[in-house]
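Note sheet for the following structure.
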Amino acid sequence: MTFDMLYSKIHRATVTDANLNYVGSITIDEELMQAAHLRVGQKVEIVNINNGERFATYVIKGKAGSKDMCLNGAAARKVEIGDKIIVIAYASYSEKELETYKPTVVIVDEKNNIDTVTNELVGSDNV
C-alpha cells in the first residue's frame, strides 16, 4: 500500500504576476524550485490564501533570483498580483518510506526571499 503525502511546499509566497495569455502553469523562481525540490513539469496544487481558491497546475522554471511566482493561462484568473499562495507537491510513499518521512517546507517572506527551509510541517507542535 502507498500513501499520498506532502512532498514539499512553498508557504505564503506572493503572486508576482498573472499572465492570462500563456498556455498554462506556474512560473517559479529556480532558486525556490531547488529549495522545495520541485521539477519542471511537476504537478502542484495551488492554494490561494486570499480567496480560498484551490487548483492544480504544473511547474515551469523561472529565472534564478527573480522571485517569480507567476500564474499562467486559466490559472491567472484565480489570483491577483499580491495574493498569498501555498504551492504544494505530493508524492506516494510506502509504509517503509514513511518511517523516515520528512517533507520539505520552504517559508518565504513578503518578497519571496527564502526565510526558512525545514522538514517540519508549518503549524505543527514542532515548529
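A note on labels: chains of the C-alpha cells are A, B, ... as shown, every chain counts residues from 1, and ligands are counted from 1 in their shown order.
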
*Would you mind listing what lies within 12 Å of region 67-78 of chain A as an MDAnalysis selection string, with only C-alpha atoms counted and same-chain residues fewer than 3 positions away left out?*
chainID A and resid 10:33 44:64 81:87 108:114

Expected file contents, prior selection, C-alpha atoms, as an mmCIF file, in the first residue's frame:
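Final file, again_4.cif:
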data_model
loop_
_atom_site.group_PDB
_atom_site.id
_atom_site.type_symbol
_atom_site.label_atom_id
_atom_site.label_comp_id
_atom_site.auth_asym_id
_atom_site.auth_seq_id
_atom_site.Cartn_x
_atom_site.Cartn_y
_atom_site.Cartn_z
ATOM 1 C CA ILE A 10 6.397 26.811 -0.643
ATOM 2 C CA HIS A 11 4.468 28.540 2.119
ATOM 3 C CA ARG A 12 2.881 32.004 1.783
ATOM 4 C CA ALA A 13 4.532 33.042 -1.468
ATOM 5 C CA THR A 14 3.418 36.308 -3.030
ATOM 6 C CA VAL A 15 1.984 36.221 -6.561
ATOM 7 C CA THR A 16 4.214 38.472 -8.687
ATOM 8 C CA ASP A 17 2.329 38.194 -11.997
ATOM 9 C CA ALA A 18 -0.712 36.649 -13.652
ATOM 10 C CA ASN A 19 -0.341 36.023 -17.391
ATOM 11 C CA LEU A 20 -3.651 35.025 -18.960
ATOM 12 C CA ASN A 21 -2.174 34.826 -22.484
ATOM 13 C CA TYR A 22 0.046 31.837 -21.787
ATOM 14 C CA VAL A 23 -0.555 28.133 -22.320
ATOM 15 C CA GLY A 24 -0.714 27.342 -18.597
ATOM 16 C CA SER A 25 1.273 26.525 -15.457
ATOM 17 C CA ILE A 26 3.019 28.402 -12.668
ATOM 18 C CA THR A 27 6.401 30.032 -13.202
ATOM 19 C CA ILE A 28 8.547 29.666 -10.073
ATOM 20 C CA ASP A 29 11.985 31.170 -9.439
ATOM 21 C CA GLU A 30 14.581 28.425 -9.998
ATOM 22 C CA GLU A 31 16.079 29.011 -6.531
ATOM 23 C CA LEU A 32 12.679 28.427 -4.902
ATOM 24 C CA MET A 33 12.185 25.328 -7.045
ATOM 25 C CA VAL A 44 1.389 21.066 -7.928
ATOM 26 C CA GLU A 45 -1.659 22.237 -6.076
ATOM 27 C CA ILE A 46 -2.054 25.974 -5.533
ATOM 28 C CA VAL A 47 -3.955 27.281 -2.526
ATOM 29 C CA ASN A 48 -4.840 30.973 -2.657
ATOM 30 C CA ILE A 49 -4.919 32.234 0.921
ATOM 31 C CA ASN A 50 -6.676 35.474 -0.106
ATOM 32 C CA ASN A 51 -9.720 33.975 -1.816
ATOM 33 C CA GLY A 52 -9.765 30.272 -0.908
ATOM 34 C CA GLU A 53 -9.256 29.004 -4.482
ATOM 35 C CA ARG A 54 -7.573 25.594 -4.799
ATOM 36 C CA PHE A 55 -6.425 24.298 -8.159
ATOM 37 C CA ALA A 56 -3.778 22.137 -9.801
ATOM 38 C CA THR A 57 -1.242 23.075 -12.451
ATOM 39 C CA TYR A 58 2.366 22.253 -13.342
ATOM 40 C CA VAL A 59 5.709 23.949 -12.705
ATOM 41 C CA ILE A 60 7.857 25.826 -15.205
ATOM 42 C CA LYS A 61 11.239 27.239 -14.263
ATOM 43 C CA GLY A 62 11.639 30.958 -13.774
ATOM 44 C CA LYS A 63 14.894 32.880 -13.774
ATOM 45 C CA ALA A 64 17.015 32.228 -10.675
ATOM 46 C CA ILE A 81 -0.965 40.079 -8.091
ATOM 47 C CA GLY A 82 -0.024 40.362 -4.420
ATOM 48 C CA ASP A 83 -2.135 37.389 -3.286
ATOM 49 C CA LYS A 84 -0.537 34.944 -0.858
ATOM 50 C CA ILE A 85 -0.412 31.356 -2.080
ATOM 51 C CA ILE A 86 0.851 27.979 -0.963
ATOM 52 C CA VAL A 87 2.429 25.762 -3.633
ATOM 53 C CA VAL A 108 9.276 32.780 2.216
ATOM 54 C CA ASP A 109 8.986 36.431 3.171
ATOM 55 C CA GLU A 110 6.831 39.132 1.559
ATOM 56 C CA LYS A 111 9.200 39.374 -1.438
ATOM 57 C CA ASN A 112 9.580 35.597 -1.958
ATOM 58 C CA ASN A 113 13.027 35.501 -0.378
ATOM 59 C CA ILE A 114 13.661 32.206 1.375
#

*Using the chain letters and numbers from this document, which residues of region 12-127 of chain A does DSSP assign to helix (DSSP H, G or I), as a ChimeraX atom specification?*
/A:30-36,73-78,95-98

*Run DSSP on the backbone of this structure and report the residues of region 30-71 of chain A it assigns to strand (DSSP E or B), as a PyMOL selection string.*
chain A and resi 43-48+54-62+69-71

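Between CA of Asp4 (chain A) and CA of Val105 (chain A) the interatomic distance comes to 16.4 Å.
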
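Close contacts of Ala91 (chain A), defined as residues with an atom at most 9 Å away when counting only C-alpha atoms, with chain neighbours fewer than 5 positions off set aside, comprise Phe3, Asp4, Met5, Leu6, Tyr7 and Ser8 of chain A.
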